[in-house]
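Following: one structure in structure tokens, then a few remarks.
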Amino acid sequence: MASTGWSPEEEGLKQIIDLLKESQSSDTNIQRQVQQKLEELNKFPNFNNYLIFVLTKLVTEDEPTRSLSGLIVKNNIRAHYSKLPKEVAVFIKQECLSSIGDPSALIRATIGILITTITSREGLEEWPELLPTLCNCLDSTNYHVVEGAFGALQKICEDSPELLDSNVVDRPLNILIPKFLQFFRHDHAKIRSHALGCVNQFIMSRAPALMNNIDKFIENLFVLAEDDDAEVTKNVCRALVMLVEVKMDRLLPQMPNIVQFMLLRTQDSDETIALEACEFWLSLAEQPVCREVLGAYMDQLVPVLIRGMKYSELDIILLKGDVEDDQHIEDKESDIKPRFHRAKSHTQKHSDPASGDGTAGESDEDWDGDDDDEPLSNWNLRKCSAAGLDVLANVFRDDLLPILLPILKETLFHDVWEVKESGILVLGAIAEGCMSGMMPHLPDLVPYLIERLADKKALVRSITCWTLSRYAHWVVLQEHEKYLKPLMTELLKRILDANKRVQEAACSAFATLEEEACTELVPYLRYILETLVFAFGKYQHKNLLILYDAIGTLADSVGHHLNKTEYIELLMPPLINKWNALKDEDKDLFPLLECLSSIATALQSGFLPYAEPVFRRCISLVERTLQQNYAAISQPEQYEMPDKDFMIVALDLLSGLAEGLEEHIESFVANSSVMNLLYQCMQDPMPEVRQSSFALLGDLTKACFKHVKSCINDIMPILASNLNPEYISVCNNATWAIGEISIKMGEEMRPYVSMILPQLIDIINRQNTPKTLLENTAITIGRLGLVSATEVAPKLHFFIRQWCTSLRNIRDNEEKDSAFRGICNMISINPQSVVQDFIFFCDAIASWVNPKADLKEMFHKILHGFKNYLGDDNWTQFSEQFPMPLRERLSVGYGV
């Protein structure tokens, strides 16, 4: 690259150095002034030249000042790269490459950051000499040059791996991977670590250049396993964790050695190495060969994982584990994680409820019930060990118990509280995988855990809340006086604990108990509500958001039993006070709106006194978001895109109101612009907005159809265009809304059938369609057949088998009733279509526990019609292929 020959003026250079010094001041006013000056200086094209000169040439200056000037250039490149004059960009690139081997590690690292920032902004085509220069530097005899080049390459591999594996610049990776592998045995540990760090970036993407060299890579990796450098060891562990997923077949011959290596590293005194190694067990547990590979090592591995589950001294300091009473300390706003609303989706209840408490597969982050705020302890050895034990318990099931039970006996009753706490965590971690083997021990263990809820250590109380929530399913099935009542009583006390961590854990555990117990909680509702309402006055900001969840879940779980004047008078005033206190742009509205949505659905007409202001505010939130959205689209330089979650949550609360108030919502709808707003929301590019719009459309159809009917010509094409299973939840809610509209439209639905039916048939016949979408699709096809049988019946043979199998597990309800009436209508018009698949129809009929008399008569007629059509002998032959329970049900219920 030709030199640009630029050099700075003394006066300008001095000003910039003074500014850089000032910016390191701890005084926020000075920092603010410096920030302003920097913004102004950015208007001068040469400003970045001065900064890069300080970074690369001003060796007399101190390192922090030089590095800071480089980081300011990085920020300028990020923000204004396209506006930089060409010669300035050339100067920056030239200086970076010529100073890559600066004697200072900090300056080399800063230059590496600059190089990768430019690369990710403009790609590699605009800087053709970059990679050849860096590759040449790797062959230098000067250590600083080699390390600087490798540092820059590793950053490019991390930030822009796709550029290195792209045809646009002739797949540089084909040259780089073999080059990196040569450095695995370099004399300097830092270089070995860089080389391995670079290659690691391409394992998960299965880059062809690496896959072609995989045996050489693994062979070199095993050499590095002997390395005594911490960074190298970490990278070896990381590589093995990824290779388990990508190239397990290549690792299998060496598995005994790998397992021993990982066992050792999981116990490393350097916790960062131990954490990398511990990820290996999580990765291995997902492989089909896990059981046979690890079986012989479980007696070694389980104790290692359990030791890793004990709080370290650092954890306890970070968690302020010695502070018992912190309820009066105000929350730091930075502690409160952003919340994301989950939009409403219409689902069916099943006649074969899956047992278990549904805690598997949670995100790693909130895995073990102590939802730490400090980023330092968010994913640590304790959580990783606990998650590892959880997934292995799901692989090995009760075979783990002979190893686990003696350890549990020792830890649960230990005098040292940290050991006892880790034992309680173990008990929670194995709850799902070892549930059947733990059953005989639970009559003793659950009372022990309930006692621990009053332990003097807050961290013991909080983990006990979580562990008990993992056994909530078992508790609910036992004698209530003995287990449910004491558990509920103690958890409610913990909801009012003096420690915020315990309050949070108790609220979450109580929400799980509510989901499991449902209406079993009705006798205790007053006591529960008094506690939850008292917590309103006690909680700081963060836990208040979790309290909303617990109240919303209670409403979902007990439903209309909440609709008693005494309960409403207890619950609604504090919620409405919060509602009035929150501004329209406050994100705390999300959990509060979700909570009110559940309450409105549960209270039904009991919510009427509160409905009008709530309805009005929801409408204004939707209006406001749509206006902000319009402004941002039409004048992007002036307005930012709004947070559409406000609109989504408002639509969902309107849904809750429509579902709860039913026909009482009609007057609110009549006096509002809701249908016009809904029309706009249904066409929003964001899938979650459409998903909530179609849920509301379905609920308004049920509650006050005349307002929907007046827009039906505009609505139906939008619904039809959203029958796209790529967006499962959108498609699901659109399908359900069409079914509800069909029932209300009756014969007037006919003109729209041809617009909708082909997509529905396509969805029901697709491979791997999720169960909920299949069920709603089947119900809607049935409902179309109910109101437009002559249009749908000719297509019966395209979907009858899938239709029957989709609905066989749904509980008896109104939706299922209307769908089956539709299918019977169609069969009576087109009986030939069902002959091939009649056994599936028989099975679907048998799924009814208690059909209404006239529907049962329809079934009777079709079954006997088919039997007569076949003749007695053929029917006997045909029915002999039925499973015995099906034959019995049809014989007893329908006399065939």
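We name chains A, B, ... following the order of the structure tokens; residues begin at 1 in each chain, and ligands are numbered from 1 as shown.
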Sel. of helix (DSSP H, G or I) residues, range 450-608 of chain A, as number ranges by chain: A: 450-452, 458-470, 472-477, 484-495, 500-538, 541-562, 565-581, 589-608
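The environment of Glu226 in chain A within 10 Å, counting only C-alpha atoms and disregarding residues fewer than 6 places along the same chain, consists of Val232, Thr233, Val236 and Phe261 of chain A.
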Residue subset to file, keeping all heavy atoms, as a PDB file, in the first residue's frame:
```pdb
ATOM      1  N   VAL A 232      -4.858 -22.361  26.627  1.00  0.00           N
ATOM      2  CA  VAL A 232      -4.839 -23.483  25.679  1.00  0.00           C
ATOM      3  C   VAL A 232      -5.801 -24.562  26.162  1.00  0.00           C
ATOM      4  O   VAL A 232      -6.627 -25.091  25.401  1.00  0.00           O
ATOM      5  CB  VAL A 232      -3.405 -24.056  25.521  1.00  0.00           C
ATOM      6  CG1 VAL A 232      -3.428 -25.330  24.673  1.00  0.00           C
ATOM      7  CG2 VAL A 232      -2.490 -23.018  24.878  1.00  0.00           C
ATOM      8  N   THR A 233      -5.723 -24.896  27.450  1.00  0.00           N
ATOM      9  CA  THR A 233      -6.598 -25.938  28.017  1.00  0.00           C
ATOM     10  C   THR A 233      -8.069 -25.587  27.829  1.00  0.00           C
ATOM     11  O   THR A 233      -8.883 -26.435  27.457  1.00  0.00           O
ATOM     12  CB  THR A 233      -6.281 -26.133  29.523  1.00  0.00           C
ATOM     13  OG1 THR A 233      -4.886 -26.424  29.648  1.00  0.00           O
ATOM     14  CG2 THR A 233      -7.100 -27.267  30.107  1.00  0.00           C
ATOM     15  N   VAL A 236      -8.996 -26.230  24.326  1.00  0.00           N
ATOM     16  CA  VAL A 236      -9.092 -27.676  24.056  1.00  0.00           C
ATOM     17  C   VAL A 236     -10.451 -28.185  24.528  1.00  0.00           C
ATOM     18  O   VAL A 236     -11.165 -28.910  23.809  1.00  0.00           O
ATOM     19  CB  VAL A 236      -7.949 -28.460  24.757  1.00  0.00           C
ATOM     20  CG1 VAL A 236      -8.207 -29.962  24.670  1.00  0.00           C
ATOM     21  CG2 VAL A 236      -6.601 -28.118  24.126  1.00  0.00           C
ATOM     22  N   PHE A 261      -9.805 -37.124  30.744  1.00  0.00           N
ATOM     23  CA  PHE A 261      -9.282 -35.755  30.651  1.00  0.00           C
ATOM     24  C   PHE A 261     -10.327 -34.752  31.154  1.00  0.00           C
ATOM     25  O   PHE A 261     -10.038 -33.858  31.957  1.00  0.00           O
ATOM     26  CB  PHE A 261      -8.902 -35.459  29.189  1.00  0.00           C
ATOM     27  CG  PHE A 261      -8.569 -34.016  28.910  1.00  0.00           C
ATOM     28  CD1 PHE A 261      -7.359 -33.474  29.319  1.00  0.00           C
ATOM     29  CD2 PHE A 261      -9.470 -33.197  28.230  1.00  0.00           C
ATOM     30  CE1 PHE A 261      -7.049 -32.137  29.055  1.00  0.00           C
ATOM     31  CE2 PHE A 261      -9.166 -31.868  27.969  1.00  0.00           C
ATOM     32  CZ  PHE A 261      -7.953 -31.336  28.382  1.00  0.00           C
TER      33      PHE A 261
END
```
All residues 9 Å or closer to Gln691 in chain A, only C-alpha atoms, same chain fewer than 5 positions away omitted, as a PyMOL selection string: chain A and resi 343-345+648+682+686+696+729-734
Neighbour list for Asp215 in chain A as a list in words, cut-off 10 Å, only C-alpha atoms, skip fewer than 6 positions in-chain: Leu221, Arg250 and Leu251 of chain A
Atom-to-atom span, CA of Leu318 in chain A and CA of Lys493 in chain A, Å: 25.8 Å
